[in-house]
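*Asks:* Coordinates in structure-v3.pdb, PDB, C-alpha atoms and all ligand atoms, are listed below.
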```
ATOM      1  CA  MET A1164     152.830  66.400 222.123
ATOM      2  CA  THR A1165     155.144  63.972 220.345
ATOM      3  CA  THR A1166     158.807  63.433 221.082
ATOM      4  CA  GLU A1167     159.605  65.050 217.741
ATOM      5  CA  THR A1168     158.178  68.398 218.836
ATOM      6  CA  MET A1169     159.242  68.166 222.497
ATOM      7  CA  PRO A1170     162.713  66.529 222.663
ATOM      8  CA  ASP A1171     163.918  65.348 226.065
ATOM      9  CA  PRO A1172     166.228  68.230 227.038
ATOM     10  CA  LEU A1173     169.005  65.948 228.296
ATOM     11  CA  ALA A1174     168.765  63.552 225.354
ATOM     12  CA  ALA A1175     169.357  66.534 223.069
ATOM     13  CA  HIS A1176     172.832  67.214 224.515
ATOM     14  CA  LEU A1177     175.933  66.152 222.634
ATOM     15  CA  ARG A1178     178.075  63.801 224.716
ATOM     16  CA  THR A1179     181.445  62.075 224.484
ATOM     17  CA  SER A1180     182.082  58.339 224.706
ATOM     18  CA  ASP A1181     183.392  58.802 228.243
ATOM     19  CA  GLY A1182     180.205  60.501 229.402
ATOM     20  CA  VAL A1183     181.009  64.224 229.257
ATOM     21  CA  VAL A1184     177.712  66.039 228.577
ATOM     22  CA  GLY A1185     178.162  68.952 226.184
ATOM     23  CA  GLN A1186     175.981  71.501 224.434
ATOM     24  CA  VAL A1187     172.429  70.925 223.219
ATOM     25  CA  ASP A1188     172.781  69.741 219.633
ATOM     26  CA  PRO A1189     171.681  72.642 217.399
ATOM     27  CA  GLN A1190     170.648  70.054 214.760
ATOM     28  CA  THR A1191     168.037  68.755 217.237
ATOM     29  CA  VAL A1192     166.952  71.947 219.030
ATOM     30  CA  PRO A1193     167.620  75.248 217.220
ATOM     31  CA  ARG A1194     169.696  77.813 219.066
ATOM     32  CA  TRP A1195     166.749  80.085 219.857
ATOM     33  CA  ALA A1196     164.631  77.324 221.402
ATOM     34  CA  GLY A1197     164.576  75.683 224.807
ATOM     35  CA  LEU A1198     165.612  76.983 228.218
ATOM     36  CA  THR A1199     168.610  79.326 228.112
ATOM     37  CA  THR A1200     171.792  78.096 229.806
ATOM     38  CA  PHE A1201     175.297  79.416 229.157
ATOM     39  CA  ALA A1202     176.472  78.044 225.784
ATOM     40  CA  ARG A1203     173.545  75.555 225.852
ATOM     41  CA  LEU A1204     175.386  73.504 228.470
ATOM     42  CA  PRO A1205     173.696  71.212 231.017
ATOM     43  CA  ARG A1206     172.694  72.496 234.435
ATOM     44  CA  HIS A1207     174.862  71.358 237.344
ATOM     45  CA  THR A1208     171.896  69.341 238.606
ATOM     46  CA  ASP A1209     171.779  67.388 235.309
ATOM     47  CA  VAL A1210     175.175  65.679 235.734
ATOM     48  CA  GLU A1211     176.837  63.601 238.437
ATOM     49  CA  ARG A1212     180.018  65.681 238.671
ATOM     50  CA  PHE A1213     181.562  68.715 237.011
ATOM     51  CA  ASP A1214     184.988  70.296 236.511
ATOM     52  CA  ALA A1215     184.010  73.883 235.721
ATOM     53  CA  ALA A1216     180.903  75.873 236.560
ATOM     54  CA  VAL A1217     179.592  79.049 234.954
ATOM     55  CA  VAL A1218     177.509  80.816 237.597
ATOM     56  CA  GLY A1219     175.603  84.082 237.551
ATOM     57  CA  VAL A1220     175.743  86.602 240.382
ATOM     58  CA  PRO A1221     173.046  89.161 239.512
ATOM     59  CA  PHE A1222     174.016  91.699 242.202
ATOM     60  CA  ASP A1223     174.472  95.418 241.423
ATOM     61  CA  ALA A1224     173.852  97.224 244.711
ATOM     62  CA  GLY A1225     177.537  98.236 244.848
ATOM     63  CA  VAL A1226     177.631 100.595 241.864
ATOM     64  CA  THR A1227     178.619 104.262 241.997
ATOM     65  CA  TYR A1228     177.050 105.372 238.695
ATOM     66  CA  ARG A1229     174.814 103.378 236.317
ATOM     67  CA  SER A1230     173.018 100.320 237.698
ATOM     68  CA  GLY A1231     171.836  97.427 235.531
ATOM     69  CA  ALA A1232     174.523  94.750 235.958
ATOM     70  CA  ARG A1233     171.899  92.686 237.817
ATOM     71  CA  PHE A1234     170.710  91.788 234.318
ATOM     72  CA  GLY A1235     174.243  90.769 233.249
ATOM     73  CA  PRO A1236     173.924  86.990 233.700
ATOM     74  CA  GLN A1237     170.723  86.709 231.663
ATOM     75  CA  GLY A1238     172.136  89.010 228.968
ATOM     76  CA  ILE A1239     175.379  87.022 228.692
ATOM     77  CA  ARG A1240     173.533  83.691 228.629
ATOM     78  CA  THR A1241     171.313  84.918 225.786
ATOM     79  CA  ALA A1242     174.342  86.138 223.829
ATOM     80  CA  SER A1243     176.175  82.822 224.409
ATOM     81  CA  GLN A1244     173.823  80.681 222.319
ATOM     82  CA  LEU A1245     176.075  80.882 219.231
ATOM     83  CA  LEU A1246     179.213  79.602 220.993
ATOM     84  CA  LYS A1247     180.533  76.515 219.222
ATOM     85  CA  PRO A1248     182.324  73.349 220.355
ATOM     86  CA  TYR A1249     185.758  73.955 218.796
ATOM     87  CA  ASN A1250     188.012  76.980 219.374
ATOM     88  CA  PRO A1251     190.633  76.858 216.593
ATOM     89  CA  ALA A1252     192.634  79.785 218.022
ATOM     90  CA  GLN A1253     193.381  77.759 221.156
ATOM     91  CA  ASP A1254     192.950  74.360 219.435
ATOM     92  CA  VAL A1255     190.677  73.089 222.189
ATOM     93  CA  MET A1256     187.184  71.602 222.469
ATOM     94  CA  PRO A1257     186.314  72.916 225.922
ATOM     95  CA  PHE A1258     183.010  71.094 226.331
ATOM     96  CA  GLU A1259     184.635  67.722 225.584
ATOM     97  CA  ALA A1260     187.918  68.256 227.461
ATOM     98  CA  PHE A1261     186.135  68.451 230.776
ATOM     99  CA  GLN A1262     182.622  68.694 232.223
ATOM    100  CA  VAL A1263     181.331  72.268 232.131
ATOM    101  CA  VAL A1264     177.941  73.202 233.576
ATOM    102  CA  ASP A1265     175.728  76.232 234.109
ATOM    103  CA  ALA A1266     175.197  76.400 237.869
ATOM    104  CA  GLY A1267     172.389  78.962 237.712
ATOM    105  CA  ASP A1268     172.523  82.137 239.786
ATOM    106  CA  ILE A1269     173.799  82.807 243.297
ATOM    107  CA  ILE A1270     171.213  85.031 244.947
ATOM    108  CA  GLY A1271     172.430  87.918 247.080
ATOM    109  CA  SER A1272     170.217  90.394 248.918
ATOM    110  CA  PRO A1273     169.572  93.502 246.786
ATOM    111  CA  PHE A1274     169.166  95.635 249.942
ATOM    112  CA  ASP A1275     171.739  94.387 252.487
ATOM    113  CA  ILE A1276     175.245  94.411 250.993
ATOM    114  CA  ALA A1277     176.920  92.664 253.938
ATOM    115  CA  GLU A1278     174.347  89.872 253.786
ATOM    116  CA  ALA A1279     174.758  89.651 249.999
ATOM    117  CA  MET A1280     178.530  89.237 250.417
ATOM    118  CA  ARG A1281     177.967  86.326 252.827
ATOM    119  CA  GLN A1282     175.485  84.723 250.433
ATOM    120  CA  ILE A1283     177.769  85.074 247.407
ATOM    121  CA  ARG A1284     180.763  83.715 249.315
ATOM    122  CA  GLY A1285     178.615  80.753 250.440
ATOM    123  CA  GLY A1286     177.370  80.002 246.942
ATOM    124  CA  ALA A1287     180.860  80.180 245.467
ATOM    125  CA  SER A1288     182.208  77.941 248.253
ATOM    126  CA  GLU A1289     179.618  75.265 247.501
ATOM    127  CA  LEU A1290     180.766  75.062 243.881
ATOM    128  CA  LEU A1291     184.462  75.107 244.823
ATOM    129  CA  ASP A1292     183.856  72.352 247.377
ATOM    130  CA  ALA A1293     182.429  70.275 244.516
ATOM    131  CA  GLY A1294     185.892  70.568 242.932
ATOM    132  CA  ALA A1295     184.962  73.036 240.211
ATOM    133  CA  LYS A1296     186.811  75.891 238.598
ATOM    134  CA  LEU A1297     184.568  78.963 238.524
ATOM    135  CA  ILE A1298     183.534  81.435 235.856
ATOM    136  CA  VAL A1299     181.392  84.085 237.547
ATOM    137  CA  LEU A1300     179.061  86.240 235.436
ATOM    138  CA  GLY A1301     178.354  89.482 237.304
ATOM    139  CA  GLY A1302     176.863  91.546 238.603
ATOM    140  CA  ASP A1303     178.952  94.565 239.472
ATOM    141  CA  HIS A1304     182.625  94.379 240.481
ATOM    142  CA  THR A1305     181.776  94.119 244.192
ATOM    143  CA  VAL A1306     181.151  90.397 243.623
ATOM    144  CA  ALA A1307     184.863  89.716 243.079
ATOM    145  CA  TYR A1308     185.428  90.289 246.801
ATOM    146  CA  PRO A1309     183.292  87.413 248.207
ATOM    147  CA  VAL A1310     184.431  85.130 245.352
ATOM    148  CA  LEU A1311     188.059  85.796 246.319
ATOM    149  CA  GLN A1312     187.166  85.022 249.943
ATOM    150  CA  ALA A1313     185.798  81.636 248.829
ATOM    151  CA  LEU A1314     188.853  80.943 246.648
ATOM    152  CA  HIS A1315     191.216  81.873 249.475
ATOM    153  CA  ALA A1316     189.625  79.216 251.686
ATOM    154  CA  VAL A1317     190.613  76.572 249.110
ATOM    155  CA  HIS A1318     193.851  77.878 247.553
ATOM    156  CA  GLY A1319     195.228  80.406 250.033
ATOM    157  CA  PRO A1320     196.353  83.747 248.538
ATOM    158  CA  VAL A1321     195.934  83.691 244.740
ATOM    159  CA  GLY A1322     197.521  85.812 242.022
ATOM    160  CA  LEU A1323     195.168  88.426 240.575
ATOM    161  CA  LEU A1324     195.010  89.454 236.921
ATOM    162  CA  HIS A1325     192.623  92.407 236.729
ATOM    163  CA  PHE A1326     191.379  93.750 233.377
ATOM    164  CA  ASP A1327     189.673  97.116 233.938
ATOM    165  CA  ALA A1328     189.705 100.772 232.927
ATOM    166  CA  HIS A1329     189.797 101.573 236.646
ATOM    167  CA  LEU A1330     191.974 100.650 239.609
ATOM    168  CA  ASP A1331     189.145  99.429 241.902
ATOM    169  CA  THR A1332     191.530  99.813 244.851
ATOM    170  CA  TRP A1333     189.977 102.931 246.354
ATOM    171  CA  GLY A1334     189.180 103.012 250.082
ATOM    172  CA  SER A1335     185.507 103.940 250.358
ATOM    173  CA  TYR A1336     182.545 105.741 248.819
ATOM    174  CA  PHE A1337     180.123 107.699 251.038
ATOM    175  CA  GLY A1338     181.826 105.973 253.948
ATOM    176  CA  ALA A1339     181.056 102.487 252.587
ATOM    177  CA  GLN A1340     184.027 100.142 252.177
ATOM    178  CA  VAL A1341     182.267  97.399 250.188
ATOM    179  CA  THR A1342     181.490  98.818 246.728
ATOM    180  CA  HIS A1343     182.372  98.090 243.092
ATOM    181  CA  GLY A1344     185.292 100.540 243.348
ATOM    182  CA  THR A1345     186.949  98.876 246.359
ATOM    183  CA  PRO A1346     187.085  95.047 245.976
ATOM    184  CA  PHE A1347     190.833  94.830 245.428
ATOM    185  CA  ARG A1348     191.672  97.188 248.309
ATOM    186  CA  LEU A1349     189.734  94.759 250.516
ATOM    187  CA  ALA A1350     191.397  91.728 248.891
ATOM    188  CA  THR A1351     194.948  93.039 249.340
ATOM    189  CA  GLU A1352     194.411  94.285 252.880
ATOM    190  CA  GLN A1353     192.789  91.009 253.960
ATOM    191  CA  GLY A1354     195.453  88.798 252.402
ATOM    192  CA  LEU A1355     193.057  87.124 249.961
ATOM    193  CA  VAL A1356     195.547  87.669 247.121
ATOM    194  CA  ASP A1357     199.306  87.203 246.824
ATOM    195  CA  ASN A1358     200.617  90.766 246.941
ATOM    196  CA  ASN A1359     203.663  89.749 244.868
ATOM    197  CA  ARG A1360     201.448  88.522 242.011
ATOM    198  CA  LEU A1361     199.041  91.347 241.139
ATOM    199  CA  ALA A1362     198.484  93.101 237.802
ATOM    200  CA  HIS A1363     196.046  95.575 236.278
ATOM    201  CA  VAL A1364     195.598  95.653 232.502
ATOM    202  CA  GLY A1365     193.787  98.357 230.496
ATOM    203  CA  LEU A1366     193.938 101.313 232.901
ATOM    204  CA  ARG A1367     192.997 104.708 231.506
ATOM    205  CA  GLY A1368     190.977 107.820 232.153
ATOM    206  CA  GLY A1369     190.862 110.323 234.943
ATOM    207  CA  LEU A1370     191.702 109.705 238.576
ATOM    208  CA  TYR A1371     190.711 111.379 241.850
ATOM    209  CA  SER A1372     194.189 112.615 242.768
ATOM    210  CA  ARG A1373     197.854 112.648 241.748
ATOM    211  CA  THR A1374     198.607 109.997 244.393
ATOM    212  CA  ASP A1375     196.104 107.327 243.244
ATOM    213  CA  LEU A1376     198.618 105.435 241.094
ATOM    214  CA  ALA A1377     201.327 105.520 243.762
ATOM    215  CA  ASP A1378     198.839 104.347 246.408
ATOM    216  CA  ASP A1379     197.855 101.456 244.142
ATOM    217  CA  ALA A1380     201.500 100.535 243.458
ATOM    218  CA  ASP A1381     202.091 100.466 247.226
ATOM    219  CA  LEU A1382     199.526  97.640 247.434
ATOM    220  CA  GLY A1383     201.758  95.612 245.082
ATOM    221  CA  PHE A1384     200.088  96.010 241.689
ATOM    222  CA  THR A1385     201.904  96.090 238.367
ATOM    223  CA  ALA A1386     199.940  98.588 236.251
ATOM    224  CA  ILE A1387     199.648  98.100 232.493
ATOM    225  CA  HIS A1388     197.904 101.139 231.003
ATOM    226  CA  CYS A1389     196.235 101.345 227.594
ATOM    227  CA  SER A1390     199.042 103.744 226.644
ATOM    228  CA  ASP A1391     201.532 100.926 227.429
ATOM    229  CA  ILE A1392     199.686  98.634 225.012
ATOM    230  CA  ASP A1393     200.213 101.222 222.265
ATOM    231  CA  ARG A1394     203.935 101.140 223.043
ATOM    232  CA  ILE A1395     204.737  97.452 223.788
ATOM    233  CA  GLY A1396     201.908  95.738 221.890
ATOM    234  CA  THR A1397     199.833  92.764 222.990
ATOM    235  CA  GLU A1398     202.892  90.460 222.980
ATOM    236  CA  GLY A1399     204.650  92.784 225.391
ATOM    237  CA  VAL A1400     201.579  92.823 227.606
ATOM    238  CA  VAL A1401     201.457  89.013 227.689
ATOM    239  CA  ASP A1402     205.159  88.864 228.602
ATOM    240  CA  ARG A1403     204.652  91.280 231.481
ATOM    241  CA  ILE A1404     201.603  89.359 232.753
ATOM    242  CA  LEU A1405     203.346  85.971 232.618
ATOM    243  CA  GLY A1406     206.456  87.423 234.248
ATOM    244  CA  ARG A1407     204.359  88.688 237.123
ATOM    245  CA  LEU A1408     201.754  85.939 237.603
ATOM    246  CA  ALA A1409     203.210  82.579 236.608
ATOM    247  CA  GLY A1410     203.919  80.011 239.295
ATOM    248  CA  GLY A1411     200.735  79.621 241.305
ATOM    249  CA  PRO A1412     196.942  79.754 241.196
ATOM    250  CA  VAL A1413     195.515  82.824 239.448
ATOM    251  CA  TYR A1414     192.154  84.584 239.533
ATOM    252  CA  VAL A1415     191.250  86.553 236.395
ATOM    253  CA  SER A1416     188.799  89.417 236.893
ATOM    254  CA  ILE A1417     187.475  91.074 233.729
ATOM    255  CA  ASP A1418     185.533  94.306 234.043
ATOM    256  CA  ILE A1419     183.900  94.635 230.644
ATOM    257  CA  ASP A1420     184.722  98.353 230.728
ATOM    258  CA  VAL A1421     188.308  97.389 229.879
ATOM    259  CA  LEU A1422     186.965  97.249 226.315
ATOM    260  CA  ASP A1423     186.302 100.473 224.447
ATOM    261  CA  PRO A1424     182.742 101.751 224.998
ATOM    262  CA  GLY A1425     182.359 101.720 221.214
ATOM    263  CA  ILE A1426     182.267  97.910 221.372
ATOM    264  CA  ALA A1427     181.045  97.483 224.967
ATOM    265  CA  PRO A1428     178.679 100.373 225.722
ATOM    266  CA  GLY A1429     176.450  98.425 228.104
ATOM    267  CA  THR A1430     178.374  98.973 231.314
ATOM    268  CA  GLY A1431     178.224 100.941 234.539
ATOM    269  CA  THR A1432     181.156 103.367 234.243
ATOM    270  CA  PRO A1433     182.210 103.645 230.571
ATOM    271  CA  GLU A1434     185.682 105.081 229.874
ATOM    272  CA  PHE A1435     186.822 106.393 226.504
ATOM    273  CA  GLY A1436     189.803 104.870 224.665
ATOM    274  CA  GLY A1437     189.763 101.202 225.645
ATOM    275  CA  LEU A1438     190.938  97.864 224.235
ATOM    276  CA  THR A1439     189.598  96.477 220.986
ATOM    277  CA  GLY A1440     188.059  93.015 220.933
ATOM    278  CA  ARG A1441     191.030  91.657 218.971
ATOM    279  CA  GLU A1442     193.563  93.081 221.449
ATOM    280  CA  MET A1443     191.657  91.492 224.320
ATOM    281  CA  LEU A1444     191.523  88.124 222.552
ATOM    282  CA  ARG A1445     195.251  88.269 221.689
ATOM    283  CA  ILE A1446     196.150  88.913 225.319
ATOM    284  CA  LEU A1447     193.835  86.239 226.764
ATOM    285  CA  ARG A1448     194.989  83.614 224.257
ATOM    286  CA  GLY A1449     198.572  84.225 225.347
ATOM    287  CA  LEU A1450     197.870  83.130 228.913
ATOM    288  CA  GLY A1451     198.009  79.360 228.413
ATOM    289  CA  GLY A1452     200.869  79.138 230.912
ATOM    290  CA  LEU A1453     198.799  80.378 233.826
ATOM    291  CA  ASN A1454     197.028  78.152 236.360
ATOM    292  CA  ILE A1455     193.620  79.851 236.271
ATOM    293  CA  VAL A1456     191.435  78.545 239.108
ATOM    294  CA  GLY A1457     188.644  81.084 238.825
ATOM    295  CA  ALA A1458     187.497  84.103 236.872
ATOM    296  CA  ASP A1459     184.764  86.673 236.637
ATOM    297  CA  ILE A1460     183.294  88.875 233.925
ATOM    298  CA  VAL A1461     181.508  91.785 235.540
ATOM    299  CA  GLU A1462     179.793  95.122 234.927
ATOM    300  CA  VAL A1463     177.768  94.033 231.881
ATOM    301  CA  ALA A1464     174.649  96.224 232.071
ATOM    302  CA  PRO A1465     172.199  95.134 229.336
ATOM    303  CA  PRO A1466     169.837  98.111 229.830
ATOM    304  CA  TYR A1467     172.607 100.327 228.364
ATOM    305  CA  ASP A1468     173.571  97.854 225.634
ATOM    306  CA  HIS A1469     172.800  98.045 221.926
ATOM    307  CA  ALA A1470     172.212  94.996 219.716
ATOM    308  CA  GLU A1471     173.613  92.787 222.542
ATOM    309  CA  VAL A1472     177.189  93.771 221.613
ATOM    310  CA  THR A1473     178.418  94.037 225.221
ATOM    311  CA  SER A1474     176.815  90.742 226.219
ATOM    312  CA  LEU A1475     178.296  89.153 223.085
ATOM    313  CA  ALA A1476     181.770  90.345 224.082
ATOM    314  CA  ALA A1477     181.308  88.979 227.617
ATOM    315  CA  ALA A1478     180.032  85.602 226.377
ATOM    316  CA  ASN A1479     183.052  85.214 224.109
ATOM    317  CA  LEU A1480     185.523  86.203 226.839
ATOM    318  CA  ALA A1481     183.934  83.623 229.161
ATOM    319  CA  TYR A1482     184.381  81.049 226.387
ATOM    320  CA  GLU A1483     188.077  81.932 225.961
ATOM    321  CA  LEU A1484     188.594  81.587 229.711
ATOM    322  CA  LEU A1485     186.880  78.179 229.701
ATOM    323  CA  CYS A1486     189.180  77.144 226.851
ATOM    324  CA  LEU A1487     192.252  78.207 228.857
ATOM    325  CA  MET A1488     190.992  76.160 231.812
ATOM    326  CA  ALA A1489     190.191  73.179 229.576
ATOM    327  CA  SER A1490     193.650  73.210 228.008
ATOM    328  CA  GLN A1491     195.154  72.839 231.485
ATOM    329  CA  GLN A1492     193.321  69.529 232.072
TER     330      GLN A1492
HETATM  331 MN    MN B   1     185.807  97.425 237.900
END
```
Represent the structure contained in this file as structure tokens.

*Replies:*
Amino acid sequence: MTTETMPDPLAAHLRTSDGVVGQVDPQTVPRWAGLTTFARLPRHTDVERFDAAVVGVPFDAGVTYRSGARFGPQGIRTASQLLKPYNPAQDVMPFEAFQVVDAGDIIGSPFDIAEAMRQIRGGASELLDAGAKLIVLGGDHTVAYPVLQALHAVHGPVGLLHFDAHLDTWGSYFGAQVTHGTPFRLATEQGLVDNNRLAHVGLRGGLYSRTDLADDADLGFTAIHCSDIDRIGTEGVVDRILGRLAGGPVYVSIDIDVLDPGIAPGTGTPEFGGLTGREMLRILRGLGGLNIVGADIVEVAPPYDHAEVTSLAAANLAYELLCLMASQQ
């Protein structure tokens, strides 16, 4: 084997003059070759320090309908291979502005949910203790709960910007309180989030009772429904988000089912009539004023996907979030 056919993986990375290690150079190793990391970035073990970590949490034992989000991280990583160094819409080069790494997967028990929550919280805490901002690739929405526990230990109560078709503030399923439909009930009741700085975006579809929305509002959430987007437009949505969440650390949680199932079919609980990709991008790109300390993209279920479209959406949303974080450096 010569060096021409087997390039040193680290030598193949682009890097800046001040030592930031970026993506594998596609002119040296084509995009379909080599080990698959998010956006062809270095592993966290390949660099001395890092500012932001993309980490998989392949846990889906909290779902109430379709399973399969355990394959989300590998699906999103595969779909991320085309991501490029410069984002003209945000005018930022995220992989040069700061050190971004792929931190691999946090392993949680597939059979013991309480143990899995402890393991996920521990894995997230290790990365936060290293000083990193987090982008979590789920996994089902249950994983937001232990990640918020880890963030709370560092930042105290954080603002929560929640993109989802569903409220995810219900009390229990089959008597279980820790599920993918309950993470933000747990987070509000346990003080993990700032109850004055909470917003849902993209709500739609049926509910269990006439009181669900009022119960959710009692927890402190501002609710922006898809029908509101029709009325006030994406600019109006951004204004409402910034008005509610500016002024402190924010966690952004994106359930991929906020997008219409026509463009994101690979998910656990699809809901008709969701956001388009362009609406989602317009809203995210308006959030440059927020101090985003962590984020997740959850509920990507590749077994239900077609032509990788859902994973492609998730990879691009993770990229936009990284760009927002990078522009705050
Ligand atoms: Mn959800």

*Asks:* Let me have all residues with an atom within 7 Å of ligand MN 1 (chain B), counting all atoms listed in the file, laid out as a PDB file with C-alpha atoms, in the frame of the given file.

*Replies:*
```
ATOM      1  CA  HIS A1304     182.625  94.379 240.481  1.00  0.00           C
ATOM      2  CA  ASP A1327     189.673  97.116 233.938  1.00  0.00           C
ATOM      3  CA  HIS A1329     189.797 101.573 236.646  1.00  0.00           C
ATOM      4  CA  ASP A1331     189.145  99.429 241.902  1.00  0.00           C
ATOM      5  CA  HIS A1343     182.372  98.090 243.092  1.00  0.00           C
ATOM      6  CA  GLY A1344     185.292 100.540 243.348  1.00  0.00           C
ATOM      7  CA  ASP A1418     185.533  94.306 234.043  1.00  0.00           C
TER       8      ASP A1418
END
```

*Asks:* In file coordinates, which residues lie within 8 Å of (190.9, 98.3, 237.3) using all atoms listed in the file, given as a list of chain:residue names?

*Replies:*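 Applying the cut-off with all atoms listed in the file, one gets A:His1325, A:Phe1326, A:Asp1327, A:Ala1328, A:His1329, A:Leu1330, A:Asp1331, A:Thr1332, A:His1363, A:Val1364, A:Gly1365, A:Leu1366, A:Asp1418, A:Val1421.
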
*Asks:* In Å, rounded to a single decimal, give me how far CA of Glu1471 (chain A) is from CA of Pro1273 (chain A).

*Replies:*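 Atom-to-atom, CA of Pro1273 (chain A) and CA of Glu1471 (chain A) are spaced 24.6 Å apart.
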
*Asks:* What's the separation between CA of Asp1292 (chain A) and CA of His1207 (chain A), in Å to one decimal place?

*Replies:*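 Spanning CA of Asp1292 (chain A) to CA of His1207 (chain A) is a straight-line distance of 13.5 Å.
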
*Asks:* Report, in Å with one decimal, the straight-line distance from CA of Gly1411 (chain A) to CA of Asn1454 (chain A).

*Replies:* 6.4 Å

*Asks:* So that I can see what lies close to Arg1284 (chain A), please list as a list in words the residues with an atom at most 6 Å from it, counting only C-alpha atoms and leaving out residues fewer than 4 positions away in the same chain.

*Replies:*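 In the requested format, the answer is Pro1309, Val1310 and Ala1313 of chain A.
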
*Asks:* Give me the residues near region 1484-1491 of chain A as a VMD selection string, where near means some atom within 9 Å (using all atoms listed in the file) and where sequence neighbours in that chain fewer than 3 positions away do not count.

*Replies:* chain A and resid 1215 1250 1253 to 1261 1263 1296 1298 1415 1447 to 1448 1450 to 1458 1479 to 1481

*Asks:* Kindly save the residues from that selection, with C-alpha atoms included, as a CSV table (one decimal), in the coordinates of the input.

*Replies:*
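Writing the result to selection-v8.csv gives the following:
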```csv
chain,number,residue,atom,x,y,z
A,1215,ALA,CA,184.0,73.9,235.7
A,1250,ASN,CA,188.0,77.0,219.4
A,1253,GLN,CA,193.4,77.8,221.2
A,1254,ASP,CA,193.0,74.4,219.4
A,1255,VAL,CA,190.7,73.1,222.2
A,1256,MET,CA,187.2,71.6,222.5
A,1257,PRO,CA,186.3,72.9,225.9
A,1258,PHE,CA,183.0,71.1,226.3
A,1259,GLU,CA,184.6,67.7,225.6
A,1260,ALA,CA,187.9,68.3,227.5
A,1261,PHE,CA,186.1,68.5,230.8
A,1263,VAL,CA,181.3,72.3,232.1
A,1296,LYS,CA,186.8,75.9,238.6
A,1298,ILE,CA,183.5,81.4,235.9
A,1415,VAL,CA,191.2,86.6,236.4
A,1447,LEU,CA,193.8,86.2,226.8
A,1448,ARG,CA,195.0,83.6,224.3
A,1450,LEU,CA,197.9,83.1,228.9
A,1451,GLY,CA,198.0,79.4,228.4
A,1452,GLY,CA,200.9,79.1,230.9
A,1453,LEU,CA,198.8,80.4,233.8
A,1454,ASN,CA,197.0,78.2,236.4
A,1455,ILE,CA,193.6,79.9,236.3
A,1456,VAL,CA,191.4,78.5,239.1
A,1457,GLY,CA,188.6,81.1,238.8
A,1458,ALA,CA,187.5,84.1,236.9
A,1479,ASN,CA,183.1,85.2,224.1
A,1480,LEU,CA,185.5,86.2,226.8
A,1481,ALA,CA,183.9,83.6,229.2
```

*Asks:* Using all atoms of region 1388-1393 of chain A listed in the file and a margin of 8 Å per side, can you give the axis-aligned box centre and edge lengths in Å to one decimal, as AutoDock Vina command-line options?

*Replies:*
```
--center_x 198.9 --center_y 101.2 --center_z 226.6 --size_x 21.3 --size_y 21.1 --size_z 24.7
```

*Asks:* Let me know the residues the PyMOL selection byres (((chain A and resi 1183) around 7) and not hetatm) catches in the file above, as a VMD selection string.

*Replies:* chain A and resid 1178 to 1179 1181 to 1182 1184 to 1185 1259 1261 to 1262

*Asks:* Could you pull the residues within 12 Å of Leu1300 (chain A), counting only C-alpha atoms, minus those fewer than 5 positions along the same chain, as a ChimeraX atom specification?

*Replies:* /A:1201,1216-1223,1232-1240,1243,1265-1269,1287,1306-1307,1310,1416-1419,1457-1464,1474,1477-1478,1480-1482

*Asks:* Here is a test: counting all atoms listed in the file, which residue of A:Ala1224, A:Ser1272, A:Gly1436, A:Ile1446 is nearest to Gly1399 (chain A)?

*Replies:*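 Checking each of A:Ala1224, A:Ser1272, A:Gly1436, A:Ile1446 against Gly1399 (chain A), counting all atoms listed in the file, the winner is A:Ile1446.
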
*Asks:* List every residue of region 1284-1396 of chain A that has an atom at most 12 Å from any atom of region 1400-1404 of chain A, giving for each one its closest atom pair and the distance in Å to one decimal, counting all atoms listed in the file, sorted by chain and then by ascending residue number, as JSON lines.

*Replies:*
```
{"residue": "A:Gly1322", "atom": "CA", "partner": "A:Ile1404", "partner_atom": "CA", "distance": 10.7}
{"residue": "A:Leu1323", "atom": "CA", "partner": "A:Ile1404", "partner_atom": "CA", "distance": 10.2}
{"residue": "A:Leu1324", "atom": "CA", "partner": "A:Ile1404", "partner_atom": "CA", "distance": 7.8}
{"residue": "A:His1325", "atom": "CA", "partner": "A:Ile1404", "partner_atom": "CA", "distance": 10.3}
{"residue": "A:Phe1326", "atom": "CA", "partner": "A:Ile1404", "partner_atom": "CA", "distance": 11.1}
{"residue": "A:Arg1360", "atom": "CA", "partner": "A:Ile1404", "partner_atom": "CA", "distance": 9.3}
{"residue": "A:Leu1361", "atom": "CA", "partner": "A:Ile1404", "partner_atom": "CA", "distance": 9.0}
{"residue": "A:Ala1362", "atom": "CA", "partner": "A:Ile1404", "partner_atom": "CA", "distance": 7.0}
{"residue": "A:His1363", "atom": "CA", "partner": "A:Ile1404", "partner_atom": "CA", "distance": 9.1}
{"residue": "A:Val1364", "atom": "CA", "partner": "A:Val1400", "partner_atom": "CA", "distance": 8.2}
{"residue": "A:Gly1365", "atom": "CA", "partner": "A:Val1400", "partner_atom": "CA", "distance": 10.0}
{"residue": "A:Phe1384", "atom": "CA", "partner": "A:Ile1404", "partner_atom": "CA", "distance": 11.2}
{"residue": "A:Thr1385", "atom": "CA", "partner": "A:Ile1404", "partner_atom": "CA", "distance": 8.8}
{"residue": "A:Ala1386", "atom": "CA", "partner": "A:Arg1403", "partner_atom": "CA", "distance": 9.9}
{"residue": "A:Ile1387", "atom": "CA", "partner": "A:Val1400", "partner_atom": "CA", "distance": 7.4}
{"residue": "A:His1388", "atom": "CA", "partner": "A:Val1400", "partner_atom": "CA", "distance": 9.7}
{"residue": "A:Cys1389", "atom": "CA", "partner": "A:Val1400", "partner_atom": "CA", "distance": 10.1}
{"residue": "A:Ser1390", "atom": "CA", "partner": "A:Val1400", "partner_atom": "CA", "distance": 11.3}
{"residue": "A:Asp1391", "atom": "CA", "partner": "A:Val1400", "partner_atom": "CA", "distance": 8.1}
{"residue": "A:Ile1392", "atom": "CA", "partner": "A:Val1400", "partner_atom": "CA", "distance": 6.6}
{"residue": "A:Asp1393", "atom": "CA", "partner": "A:Val1400", "partner_atom": "CA", "distance": 10.0}
{"residue": "A:Arg1394", "atom": "CA", "partner": "A:Val1400", "partner_atom": "CA", "distance": 9.8}
{"residue": "A:Ile1395", "atom": "CA", "partner": "A:Val1400", "partner_atom": "CA", "distance": 6.8}
{"residue": "A:Gly1396", "atom": "CA", "partner": "A:Val1400", "partner_atom": "CA", "distance": 6.4}
```
